[in-house]
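Trainee: Provided below: target.txt, containing compact mmCIF, C-alpha atoms.
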```txt
# COMPACT_ATOMS: atom_id res chain seq x y z
CA MET P 2 -111.73 35.92 40.25
CA ARG P 3 -108.08 36.27 41.43
CA ALA P 4 -106.33 39.56 40.98
CA SER P 5 -102.91 39.22 39.36
CA LEU P 6 -99.89 40.82 41.05
CA ARG P 7 -97.92 42.95 38.61
CA ILE P 8 -94.39 44.19 39.34
CA SER P 9 -92.91 46.84 37.12
CA PRO P 10 -89.59 46.04 35.39
CA PHE P 11 -87.90 48.82 37.42
CA VAL P 12 -89.01 47.40 40.79
CA LEU P 13 -88.07 43.89 39.67
CA ALA P 14 -84.59 45.08 38.75
CA LEU P 15 -84.18 46.71 42.17
CA LEU P 16 -85.21 43.49 43.92
CA VAL P 17 -82.71 41.48 41.90
CA VAL P 18 -79.89 43.92 42.66
CA PHE P 19 -80.79 43.99 46.36
CA GLY P 20 -80.94 40.22 46.53
CA MET P 21 -77.57 39.82 44.89
CA GLY P 22 -76.07 42.39 47.24
CA CYS P 23 -77.50 40.59 50.23
CA LEU P 24 -76.11 37.26 49.05
CA PHE P 25 -72.69 38.86 48.69
CA SER P 26 -72.64 40.82 51.95
CA CYS P 27 -74.46 38.28 54.12
CA GLY P 28 -72.08 35.57 53.04
CA GLN P 29 -69.12 37.53 54.36
CA LYS P 30 -68.01 37.43 57.98
CA THR P 31 -68.05 40.67 59.91
CA GLU P 32 -64.66 42.06 60.76
CA ASN P 33 -63.19 40.56 63.92
CA PRO P 34 -62.74 43.47 66.37
CA GLY P 35 -59.92 41.57 68.07
CA LYS P 36 -57.97 40.77 64.94
CA GLY P 37 -54.25 41.38 65.41
CA LYS P 38 -54.67 42.15 69.12
CA LEU P 39 -54.09 40.21 72.32
CA LYS P 40 -57.28 38.38 73.18
CA VAL P 41 -57.81 38.92 76.89
CA VAL P 42 -60.54 37.32 79.02
CA THR P 43 -61.23 38.78 82.47
CA THR P 44 -63.60 37.54 85.16
CA LEU P 45 -64.78 40.66 87.01
CA PHE P 46 -65.40 44.26 86.02
CA PRO P 47 -62.42 45.84 87.85
CA LEU P 48 -60.07 43.47 85.99
CA PHE P 49 -61.84 44.21 82.71
CA ASP P 50 -61.38 47.94 83.20
CA PHE P 51 -57.77 47.65 84.43
CA ALA P 52 -56.89 45.40 81.48
CA ARG P 53 -58.39 47.63 78.81
CA ASN P 54 -56.50 50.60 80.24
CA VAL P 55 -53.21 48.70 80.26
CA GLY P 56 -53.77 46.98 76.92
CA GLY P 57 -55.04 49.99 75.00
CA ASP P 58 -55.18 49.47 71.25
CA HIS P 59 -53.09 46.30 71.49
CA ALA P 60 -55.62 44.25 73.45
CA TYR P 61 -59.18 43.07 72.87
CA VAL P 62 -60.60 42.62 76.38
CA THR P 63 -63.78 40.72 77.22
CA LEU P 64 -65.71 40.11 80.42
CA LEU P 65 -66.44 36.47 81.31
CA VAL P 66 -69.15 37.21 83.88
CA PRO P 67 -71.87 38.86 81.76
CA PRO P 68 -72.93 42.43 82.62
CA GLY P 69 -75.79 42.41 85.11
CA VAL P 70 -74.88 39.03 86.64
CA GLU P 71 -74.06 39.00 90.35
CA PRO P 72 -70.58 37.36 90.47
CA HIS P 73 -71.05 35.50 93.77
CA SER P 74 -73.72 33.35 92.10
CA PHE P 75 -71.93 32.93 88.75
CA GLU P 76 -71.43 29.42 87.40
CA PRO P 77 -69.27 28.89 84.27
CA LYS P 78 -70.82 27.30 81.19
CA PRO P 79 -69.27 25.37 78.27
CA GLY P 80 -69.19 28.57 76.23
CA ASP P 81 -66.90 30.12 78.82
CA ILE P 82 -64.36 27.36 78.24
CA ARG P 83 -64.47 28.12 74.51
CA GLN P 84 -63.66 31.76 75.26
CA ILE P 85 -60.59 30.73 77.22
CA ASP P 86 -59.57 28.21 74.56
CA SER P 87 -59.15 31.07 72.08
CA ALA P 88 -57.62 33.62 74.50
CA ASP P 89 -54.03 34.78 74.83
CA VAL P 90 -54.35 36.03 78.42
CA PHE P 91 -56.79 35.08 81.17
CA ILE P 92 -57.07 37.34 84.24
CA TYR P 93 -58.85 36.55 87.50
CA THR P 94 -58.82 38.08 90.97
CA GLY P 95 -57.63 35.00 92.83
CA SER P 96 -58.81 31.65 94.16
CA ASN P 97 -60.60 33.30 97.09
CA MET P 98 -62.87 35.35 94.80
CA GLU P 99 -63.32 32.89 91.93
CA PRO P 100 -62.90 29.35 93.33
CA TRP P 101 -64.39 27.94 90.11
CA VAL P 102 -61.43 29.13 88.03
CA GLU P 103 -59.28 26.12 88.89
CA ASN P 104 -61.71 23.66 87.28
CA LEU P 105 -62.28 26.02 84.36
CA LEU P 106 -58.57 26.13 83.56
CA LYS P 107 -58.27 22.36 83.86
CA ALA P 108 -60.89 22.05 81.14
CA THR P 109 -59.02 24.13 78.56
CA ASP P 110 -56.52 22.77 76.03
CA ASN P 111 -54.98 26.21 75.47
CA LYS P 112 -51.28 25.49 76.08
CA GLY P 113 -50.16 29.04 75.21
CA LEU P 114 -52.54 30.76 77.61
CA VAL P 115 -50.95 33.22 80.06
CA VAL P 116 -52.89 33.08 83.35
CA VAL P 117 -52.74 36.15 85.58
CA ASP P 118 -53.71 35.86 89.24
CA ALA P 119 -54.20 39.57 89.94
CA SER P 120 -53.91 39.02 93.70
CA ARG P 121 -50.34 37.71 93.44
CA GLY P 122 -48.14 39.32 96.10
CA ILE P 123 -51.05 41.09 97.82
CA LYS P 124 -51.81 40.72 101.53
CA LEU P 125 -55.42 39.72 102.14
CA LEU P 126 -57.56 40.67 105.12
CA ALA P 127 -59.53 38.08 107.02
CA ARG P 128 -63.20 37.95 105.99
CA VAL P 129 -64.43 39.07 109.41
CA GLY P 130 -65.82 42.29 110.74
CA PRO P 131 -64.23 44.67 113.25
CA ASP P 132 -64.13 43.96 116.93
CA GLU P 133 -66.17 45.98 119.41
CA HIS P 134 -63.65 48.81 119.15
CA GLY P 135 -63.79 48.98 115.37
CA HIS P 136 -60.35 47.44 114.87
CA ASP P 137 -59.76 44.92 112.10
CA LYS P 138 -58.53 41.46 113.08
CA GLY P 139 -55.29 41.49 111.20
CA GLU P 140 -53.88 40.64 107.78
CA LEU P 141 -53.25 37.16 106.48
CA ASP P 142 -50.78 36.11 103.85
CA HIS P 143 -52.17 35.32 100.40
CA HIS P 144 -51.56 31.58 100.87
CA ALA P 145 -52.66 31.38 104.51
CA GLY P 146 -55.57 29.28 105.54
CA GLY P 147 -58.86 30.63 106.82
CA LYS P 148 -61.54 32.76 105.24
CA LEU P 149 -59.93 35.60 103.33
CA ASP P 150 -61.57 38.74 101.96
CA PRO P 151 -60.98 38.88 98.18
CA HIS P 152 -62.31 42.42 97.51
CA ILE P 153 -58.80 43.84 97.12
CA TRP P 154 -59.67 46.29 94.33
CA LEU P 155 -61.47 48.48 96.90
CA ASP P 156 -58.11 49.41 98.42
CA PHE P 157 -56.60 51.54 95.67
CA GLU P 158 -53.04 50.78 96.71
CA ARG P 159 -53.78 47.09 96.29
CA ALA P 160 -55.57 47.92 93.03
CA ARG P 161 -52.32 49.42 91.74
CA LYS P 162 -50.58 46.12 92.42
CA MET P 163 -53.33 44.34 90.50
CA VAL P 164 -52.70 46.65 87.55
CA ASP P 165 -48.97 45.86 87.72
CA ASN P 166 -49.70 42.13 87.73
CA ILE P 167 -51.86 42.58 84.63
CA ARG P 168 -49.07 44.56 82.96
CA ASP P 169 -46.62 41.73 83.66
CA GLY P 170 -49.01 39.21 82.11
CA PHE P 171 -49.33 41.29 78.95
CA VAL P 172 -45.55 41.63 78.69
CA THR P 173 -45.09 37.87 79.12
CA LYS P 174 -47.39 37.20 76.17
CA ASP P 175 -46.38 40.19 74.04
CA PRO P 176 -42.83 41.28 75.01
CA ALA P 177 -42.48 43.38 71.84
CA GLN P 178 -44.93 45.90 73.35
CA LYS P 179 -43.33 45.98 76.80
CA GLU P 180 -42.81 49.76 76.85
CA PHE P 181 -46.36 50.40 75.63
CA TYR P 182 -47.91 48.32 78.42
CA ALA P 183 -45.55 49.76 81.03
CA LYS P 184 -46.45 53.32 80.04
CA ASN P 185 -50.19 52.62 80.14
CA ALA P 186 -49.93 50.86 83.51
CA ALA P 187 -47.93 53.75 84.99
CA GLY P 188 -50.53 56.23 83.74
CA TYR P 189 -53.38 54.25 85.26
CA ASP P 190 -51.47 53.75 88.51
CA ALA P 191 -51.16 57.54 88.72
CA ARG P 192 -54.94 57.89 88.32
CA LEU P 193 -55.50 55.39 91.14
CA THR P 194 -53.04 57.31 93.33
CA ASP P 195 -54.98 60.51 92.66
CA LEU P 196 -58.26 58.73 93.46
CA ASP P 197 -56.76 57.44 96.71
CA GLU P 198 -55.75 60.96 97.71
CA ARG P 199 -59.21 62.34 96.92
CA PHE P 200 -60.76 59.67 99.15
CA ARG P 201 -58.29 60.43 101.92
CA ARG P 202 -59.05 64.17 101.81
CA GLY P 203 -62.78 63.69 101.30
CA LEU P 204 -63.21 61.32 104.25
CA ALA P 205 -60.84 63.06 106.67
CA ASN P 206 -63.40 65.28 108.41
CA CYS P 207 -66.68 63.45 108.89
CA THR P 208 -69.25 63.58 111.68
CA HIS P 209 -69.49 59.78 111.67
CA ARG P 210 -66.85 57.08 111.04
CA LEU P 211 -69.26 54.12 111.02
CA PHE P 212 -71.07 52.99 107.89
CA VAL P 213 -73.63 50.20 107.82
CA HIS P 214 -74.07 48.12 104.69
CA GLY P 215 -77.06 45.91 103.98
CA GLY P 216 -75.15 43.98 101.32
CA HIS P 217 -72.28 41.53 101.02
CA PHE P 218 -69.11 42.05 103.06
CA ALA P 219 -67.17 43.98 100.42
CA PHE P 220 -65.88 47.27 101.85
CA ASN P 221 -63.50 46.04 104.53
CA TYR P 222 -60.41 47.20 102.61
CA MET P 223 -61.84 50.63 101.91
CA ALA P 224 -62.85 51.11 105.53
CA LYS P 225 -59.42 50.10 106.83
CA ARG P 226 -57.59 52.39 104.41
CA TYR P 227 -59.56 55.49 105.41
CA ASP P 228 -59.94 54.73 109.11
CA LEU P 229 -63.65 53.96 108.95
CA THR P 230 -65.66 51.33 110.82
CA TYR P 231 -67.60 49.04 108.49
CA VAL P 232 -70.43 46.67 109.38
CA SER P 233 -72.16 44.44 106.85
CA ALA P 234 -75.31 42.36 107.07
CA TYR P 235 -73.53 39.52 105.25
CA GLU P 236 -70.35 39.07 107.27
CA GLY P 237 -68.74 35.70 106.62
CA SER P 238 -69.85 33.73 103.55
CA PRO P 239 -71.29 35.90 100.75
CA ASN P 240 -73.99 33.28 100.16
CA ALA P 241 -75.17 33.06 103.78
CA GLU P 242 -78.37 35.01 104.42
CA PRO P 243 -78.27 37.22 107.54
CA THR P 244 -80.02 35.68 110.51
CA PRO P 245 -82.87 37.47 112.30
CA ARG P 246 -80.46 37.98 115.20
CA LYS P 247 -77.96 39.68 112.87
CA ILE P 248 -80.64 42.03 111.57
CA LEU P 249 -81.67 42.90 115.14
CA GLU P 250 -78.02 43.65 115.95
CA LEU P 251 -77.79 45.94 112.92
CA LYS P 252 -80.92 47.81 113.93
CA LYS P 253 -79.59 48.33 117.46
CA LEU P 254 -76.22 49.48 116.11
CA VAL P 255 -77.91 51.99 113.82
CA MET P 256 -80.06 53.46 116.56
CA ASP P 257 -77.34 53.49 119.23
CA ASN P 258 -74.94 55.34 116.91
CA HIS P 259 -77.53 57.72 115.42
CA VAL P 260 -76.81 56.43 111.90
CA LYS P 261 -78.92 58.22 109.32
CA TYR P 262 -78.14 56.22 106.18
CA ILE P 263 -78.01 52.52 105.25
CA TYR P 264 -76.03 51.48 102.18
CA TYR P 265 -77.13 48.88 99.67
CA GLU P 266 -75.20 47.16 96.88
CA GLU P 267 -75.48 46.82 93.13
CA LEU P 268 -77.20 44.06 91.13
CA ILE P 269 -79.22 42.46 93.94
CA THR P 270 -82.56 43.34 95.49
CA PRO P 271 -81.69 45.33 98.65
CA ARG P 272 -84.14 43.41 100.83
CA VAL P 273 -82.08 43.44 104.03
CA ALA P 274 -81.07 47.10 103.64
CA GLU P 275 -84.72 48.02 103.07
CA VAL P 276 -85.84 46.18 106.22
CA VAL P 277 -83.21 47.86 108.41
CA ALA P 278 -83.85 51.29 106.90
CA ARG P 279 -87.62 51.00 107.25
CA GLU P 280 -87.50 49.86 110.88
CA THR P 281 -84.90 52.46 111.92
CA LYS P 282 -86.37 55.31 109.84
CA THR P 283 -83.09 55.80 107.98
CA THR P 284 -82.44 56.57 104.32
CA LEU P 285 -81.01 54.21 101.69
CA LEU P 286 -77.89 55.12 99.71
CA PRO P 287 -76.13 53.06 97.01
CA LEU P 288 -72.52 51.94 97.39
CA HIS P 289 -70.96 50.13 94.44
CA GLY P 290 -68.60 47.23 95.09
CA ALA P 291 -67.74 47.16 91.36
CA HIS P 292 -67.78 43.35 91.15
CA ASN P 293 -69.81 43.84 88.00
CA ILE P 294 -71.99 46.46 86.34
CA SER P 295 -75.29 46.44 84.51
CA LYS P 296 -75.44 46.24 80.74
CA ASP P 297 -76.87 49.75 80.69
CA ASP P 298 -73.96 51.15 82.73
CA LEU P 299 -71.47 49.37 80.48
CA GLU P 300 -73.06 50.87 77.37
CA LYS P 301 -72.99 54.32 79.00
CA GLY P 302 -69.23 54.01 79.50
CA ALA P 303 -69.03 53.45 83.26
CA THR P 304 -65.48 52.88 84.51
CA PHE P 305 -63.98 51.66 87.75
CA ILE P 306 -62.85 55.19 88.59
CA SER P 307 -66.24 56.74 87.81
CA LEU P 308 -67.94 54.18 90.07
CA MET P 309 -65.52 54.98 92.87
CA GLU P 310 -66.01 58.73 92.43
CA THR P 311 -69.74 58.20 92.96
CA ASN P 312 -68.96 56.05 96.01
CA LEU P 313 -66.97 58.92 97.50
CA ILE P 314 -69.96 61.24 97.09
CA MET P 315 -72.25 58.67 98.73
CA LEU P 316 -69.86 58.11 101.65
CA GLN P 317 -69.44 61.83 102.21
CA LYS P 318 -73.19 62.24 102.32
CA GLY P 319 -73.82 59.27 104.61
CA LEU P 320 -70.98 60.10 107.00
CA GLU P 321 -71.74 63.83 106.92
CA CYS P 322 -68.26 64.86 105.84
CA ARG P 323 -67.10 68.45 105.52
```
Mind turning the file's structure into structure tokens?

Mentor:
Amino acid sequence: MRASLRISPFVLALLVVFGMGCLFSCGQKTENPGKGKLKVVTTLFPLFDFARNVGGDHAYVTLLVPPGVEPHSFEPKPGDIRQIDSADVFIYTGSNMEPWVENLLKATDNKGLVVVDASRGIKLLARVGPDEHGHDKGELDHHAGGKLDPHIWLDFERARKMVDNIRDGFVTKDPAQKEFYAKNAAGYDARLTDLDERFRRGLANCTHRLFVHGGHFAFNYMAKRYDLTYVSAYEGSPNAEPTPRKILELKKLVMDNHVKYIYYEELITPRVAEVVARETKTTLLPLHGAHNISKDDLEKGATFISLMETNLIMLQKGLECR
């Protein structure tokens, strides 16, 4: 014998009211957080952070490369084109960092899009390591041929120029807010200048000037600016795995120079750094290139400057600075 399900009139009335409320609210679109603001799409995390500091309340800034994705292996998808189709401003580092941008922009029909090459007017270093004396092999013009190092945000003077390029892009699209963007850019430039000075003071008196990195060749600019010698396992193409010979050379360099710490990078398994550290009995330390950050770090409010402040602490520890 089946038991009958009885619902009291009061409960039934509540269900009806709830259902009507759901039909009303669920049928409405959530408020667009970018409504009335410049819609800005950036490729890498430094650009994302620079742009949201310059744009302030007048810009809605998004990150094209999703948090947690290693940018060197990023491949655009159709949804990325749709983002750019609806954007006002698109910001990328330059053709040397994001070679896929050219095809991405060809695929968009957005005629009013302002495209900002943040490396415009910036001298690029060759993507090669130091010679046997620790000297870099010269600067190359932005449009010169050869393999250029695109990690310009890790020289804070160059980063200031990137911020100014972003400011100019915002002003081109939204000239009515020129003074607002100029003020924000100047304020952020001052913070980068202060960061630069803290690095200069903090790395002035160190026992060692050599730091060995088991990750991609990213810290050439930083090393040059603060008179450090930088060696990476991945010199040359960021996608080329280090050869056994290269790893042997790193191990010898570490032991010959009494290096105590090996640095590893964000977002990839530090396999090479672990091998070198294990076989030379050295300790691993993180060093953040800031190409991108994890979703967790983004939710916790990590910024470009906070990442660099942590880098300074790690460098001071590894180089035994006073």

Trainee: Name the residues in contact with range 80-95 of chain P at a cut-off of 7 Å, using all atoms listed in the file, excluding same-chain residues fewer than 4 positions from it; report them as a PyMOL selection string.

Mentor: chain P and resi 39-44+65+99+105+108-111+113-120

Trainee: Extract, using only C-alpha atoms, all DNA, RNA and protein residues at most 8 Å from Arg128 in chain P, discarding same-chain residues fewer than 6 positions from it, and format them as a compact mmCIF listing (two decimals) with C-alpha atoms, in the coordinates of the input.

Mentor:
```
# COMPACT_ATOMS: atom_id res chain seq x y z
CA LYS P 148 -61.54 32.76 105.24
CA LEU P 149 -59.93 35.60 103.33
CA ASP P 150 -61.57 38.74 101.96
CA PHE P 218 -69.11 42.05 103.06
CA GLU P 236 -70.35 39.07 107.27
CA GLY P 237 -68.74 35.70 106.62
```

Trainee: Nearest to Gly215 in chain P among P:Val273, P:Val62, P:Val172, P:Leu285, with distances taken over all atoms listed in the file: which residue is it?

Mentor: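 Ranking P:Val273, P:Val62, P:Val172, P:Leu285 by distance to Gly215 in chain P, first place goes to P:Val273.
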
Trainee: With a distance cut-off of 8 Å and only C-alpha atoms, select the neighbouring residues of range 197-213 of chain P, excluding the residue or stretch itself and same-chain residues fewer than 6 positions from it, and output the selection as a list in words.

Mentor: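 Residues near the query, excluding close chain neighbours: Phe157, Glu158, Tyr227, Asp228, Leu229, Thr230, Tyr231, Val232, Ser233, Leu251, Val255, Val260, Tyr262, Ile263, Tyr264, Leu313, Leu316, Gln317, Gly319, Leu320, Glu321, Cys322 and Arg323 of chain P.
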
Trainee: Given only C-alpha atoms as the basis, pick out the residue of P:His217, P:His73, P:Arg246, P:Arg192 nearest to Pro271 in chain P.

Mentor: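 Of all the options, P:His217 lies closest to Pro271 in chain P.
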
Trainee: Around all listed atoms of range 273-286 of chain P, padded 3 Å per side, what centre and edge lengths does the axis-aligned box have in Å to one decimal, as AutoDock Vina command-line options?

Mentor:
```
--center_x -82.8 --center_y 50.0 --center_z 105.8 --size_x 15.7 --size_y 19.1 --size_z 18.2
```

Trainee: Using only C-alpha atoms for the distances, tell me which of P:Arg121, P:His289, P:Arg53, P:His59 is nearest to Phe181 in chain P.

Mentor: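 Answer, going by the shortest atom-to-atom distance: P:His59.
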
Trainee: If we count all atoms listed in the file and set the cut-off at 6 Å, which residues sit around Asp156 in chain P, ignoring sequence neighbours fewer than 3 positions away in its own chain? Please answer as number ranges by chain.

Mentor: P: 153, 159, 222-223

Trainee: In Å, rounded to a single decimal, give me how far CA of Asn221 in chain P is from CA of Leu125 in chain P.

Mentor: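 For CA of Leu125 in chain P relative to CA of Asn221 in chain P, the distance reads 10.5 Å.
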
Trainee: Could you state the separation of CA of Gly69 in chain P and CA of Ala291 in chain P in Å, given to one decimal place?

Mentor: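 Atom-to-atom, CA of Gly69 in chain P to CA of Ala291 in chain P, that is 11.2 Å.
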
Trainee: Please determine the residues with any atom at most 12 Å from (-55.9, 47.4, 73.9) (coordinates as given in the file, with only C-alpha atoms counting) and report them as a PyMOL selection string.

Mentor: chain P and resi 34-41+49-63+168+171+175+178+181-182+185-186

Trainee: As an exercise, work out the distance from CA of Lys225 in chain P to CA of Pro245 in chain P in Å and give it to one decimal place.

Mentor: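 Atom-to-atom, CA of Lys225 in chain P to CA of Pro245 in chain P, that is 27.2 Å.
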
Trainee: Kindly indicate which residue among P:Ala219, P:Leu268, P:Ala183, P:Val164 lies nearest to Ser295 in chain P, using only C-alpha atoms for the distances.

Mentor: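 Residue with the minimum atom-to-atom distance to Ser295 in chain P: P:Leu268.
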
Trainee: Could you check the closest approach to Phe305 in chain P for each of P:Lys174, P:His152, P:His292, P:Lys179 and tell me which residue wins, using all atoms listed in the file?

Mentor: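 The closest residue to Phe305 in chain P is P:His292.
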
Trainee: Go through P:Gly216, P:Ala303, P:Asn104, P:Met256 one by one, measure the shortest atom-to-atom distance of each to Ala241 in chain P using all atoms listed in the file, and give the residue with the smallest value.

Mentor: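 Looking at the shortest contact to Ala241 in chain P, the residue is P:Gly216.
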
Trainee: Supply range 282-300 of chain P as a PDB file, in the frame of the given file, with N, CA, C and O atoms built in where the input has gaps.

Mentor:
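Result saved to rebuild.pdb:
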```pdb
ATOM      1  N   LYS P 282     -86.040  53.995 110.419  1.00  0.00           N
ATOM      2  CA  LYS P 282     -86.370  55.310 109.840  1.00  0.00           C
ATOM      3  C   LYS P 282     -85.116  56.020 109.309  1.00  0.00           C
ATOM      4  O   LYS P 282     -84.914  57.221 109.534  1.00  0.00           O
ATOM      5  N   THR P 283     -84.287  55.252 108.626  1.00  0.00           N
ATOM      6  CA  THR P 283     -83.090  55.800 107.980  1.00  0.00           C
ATOM      7  C   THR P 283     -83.287  55.810 106.470  1.00  0.00           C
ATOM      8  O   THR P 283     -84.274  55.280 105.957  1.00  0.00           O
ATOM      9  N   THR P 284     -82.342  56.401 105.765  1.00  0.00           N
ATOM     10  CA  THR P 284     -82.440  56.570 104.320  1.00  0.00           C
ATOM     11  C   THR P 284     -81.451  55.637 103.610  1.00  0.00           C
ATOM     12  O   THR P 284     -80.333  55.439 104.084  1.00  0.00           O
ATOM     13  N   LEU P 285     -81.872  55.091 102.476  1.00  0.00           N
ATOM     14  CA  LEU P 285     -81.010  54.210 101.690  1.00  0.00           C
ATOM     15  C   LEU P 285     -80.104  55.008 100.755  1.00  0.00           C
ATOM     16  O   LEU P 285     -80.542  55.977 100.130  1.00  0.00           O
ATOM     17  N   LEU P 286     -78.847  54.559 100.666  1.00  0.00           N
ATOM     18  CA  LEU P 286     -77.890  55.120  99.710  1.00  0.00           C
ATOM     19  C   LEU P 286     -77.169  53.970  99.009  1.00  0.00           C
ATOM     20  O   LEU P 286     -76.839  52.969  99.642  1.00  0.00           O
ATOM     21  N   PRO P 287     -76.874  54.121  97.709  1.00  0.00           N
ATOM     22  CA  PRO P 287     -76.130  53.060  97.010  1.00  0.00           C
ATOM     23  C   PRO P 287     -74.635  53.153  97.285  1.00  0.00           C
ATOM     24  O   PRO P 287     -74.094  54.243  97.482  1.00  0.00           O
ATOM     25  N   LEU P 288     -73.969  52.003  97.301  1.00  0.00           N
ATOM     26  CA  LEU P 288     -72.520  51.940  97.390  1.00  0.00           C
ATOM     27  C   LEU P 288     -72.082  50.783  96.506  1.00  0.00           C
ATOM     28  O   LEU P 288     -72.491  49.650  96.716  1.00  0.00           O
ATOM     29  N   HIS P 289     -71.260  51.091  95.507  1.00  0.00           N
ATOM     30  CA  HIS P 289     -70.960  50.130  94.440  1.00  0.00           C
ATOM     31  C   HIS P 289     -69.669  49.380  94.724  1.00  0.00           C
ATOM     32  O   HIS P 289     -68.596  49.954  94.779  1.00  0.00           O
ATOM     33  N   GLY P 290     -69.784  48.058  94.878  1.00  0.00           N
ATOM     34  CA  GLY P 290     -68.600  47.230  95.090  1.00  0.00           C
ATOM     35  C   GLY P 290     -67.823  46.948  93.834  1.00  0.00           C
ATOM     36  O   GLY P 290     -66.704  46.429  93.908  1.00  0.00           O
ATOM     37  N   ALA P 291     -68.403  47.272  92.668  1.00  0.00           N
ATOM     38  CA  ALA P 291     -67.740  47.160  91.360  1.00  0.00           C
ATOM     39  C   ALA P 291     -67.401  45.732  90.958  1.00  0.00           C
ATOM     40  O   ALA P 291     -66.613  45.523  90.041  1.00  0.00           O
ATOM     41  N   HIS P 292     -67.999  44.729  91.616  1.00  0.00           N
ATOM     42  CA  HIS P 292     -67.780  43.350  91.150  1.00  0.00           C
ATOM     43  C   HIS P 292     -68.158  43.243  89.677  1.00  0.00           C
ATOM     44  O   HIS P 292     -67.457  42.641  88.881  1.00  0.00           O
ATOM     45  N   ASN P 293     -69.301  43.837  89.364  1.00  0.00           N
ATOM     46  CA  ASN P 293     -69.810  43.840  88.000  1.00  0.00           C
ATOM     47  C   ASN P 293     -70.715  45.048  87.838  1.00  0.00           C
ATOM     48  O   ASN P 293     -71.058  45.707  88.829  1.00  0.00           O
ATOM     49  N   ILE P 294     -71.078  45.342  86.597  1.00  0.00           N
ATOM     50  CA  ILE P 294     -71.990  46.460  86.340  1.00  0.00           C
ATOM     51  C   ILE P 294     -73.116  45.993  85.446  1.00  0.00           C
ATOM     52  O   ILE P 294     -73.045  44.925  84.827  1.00  0.00           O
ATOM     53  N   SER P 295     -74.156  46.776  85.373  1.00  0.00           N
ATOM     54  CA  SER P 295     -75.290  46.440  84.510  1.00  0.00           C
ATOM     55  C   SER P 295     -74.915  46.672  83.048  1.00  0.00           C
ATOM     56  O   SER P 295     -73.969  47.397  82.731  1.00  0.00           O
ATOM     57  N   LYS P 296     -75.661  46.052  82.176  1.00  0.00           N
ATOM     58  CA  LYS P 296     -75.440  46.240  80.740  1.00  0.00           C
ATOM     59  C   LYS P 296     -75.619  47.698  80.357  1.00  0.00           C
ATOM     60  O   LYS P 296     -74.871  48.244  79.541  1.00  0.00           O
ATOM     61  N   ASP P 297     -76.604  48.339  80.973  1.00  0.00           N
ATOM     62  CA  ASP P 297     -76.870  49.750  80.690  1.00  0.00           C
ATOM     63  C   ASP P 297     -75.688  50.622  81.086  1.00  0.00           C
ATOM     64  O   ASP P 297     -75.270  51.506  80.336  1.00  0.00           O
ATOM     65  N   ASP P 298     -75.122  50.376  82.277  1.00  0.00           N
ATOM     66  CA  ASP P 298     -73.960  51.150  82.730  1.00  0.00           C
ATOM     67  C   ASP P 298     -72.754  50.919  81.825  1.00  0.00           C
ATOM     68  O   ASP P 298     -71.985  51.846  81.551  1.00  0.00           O
ATOM     69  N   LEU P 299     -72.585  49.668  81.373  1.00  0.00           N
ATOM     70  CA  LEU P 299     -71.470  49.370  80.480  1.00  0.00           C
ATOM     71  C   LEU P 299     -71.606  50.129  79.167  1.00  0.00           C
ATOM     72  O   LEU P 299     -70.636  50.714  78.660  1.00  0.00           O
ATOM     73  N   GLU P 300     -72.815  50.159  78.638  1.00  0.00           N
ATOM     74  CA  GLU P 300     -73.060  50.870  77.370  1.00  0.00           C
ATOM     75  C   GLU P 300     -72.903  52.375  77.542  1.00  0.00           C
ATOM     76  O   GLU P 300     -72.546  53.075  76.589  1.00  0.00           O
TER      77      GLU P 300
END
```
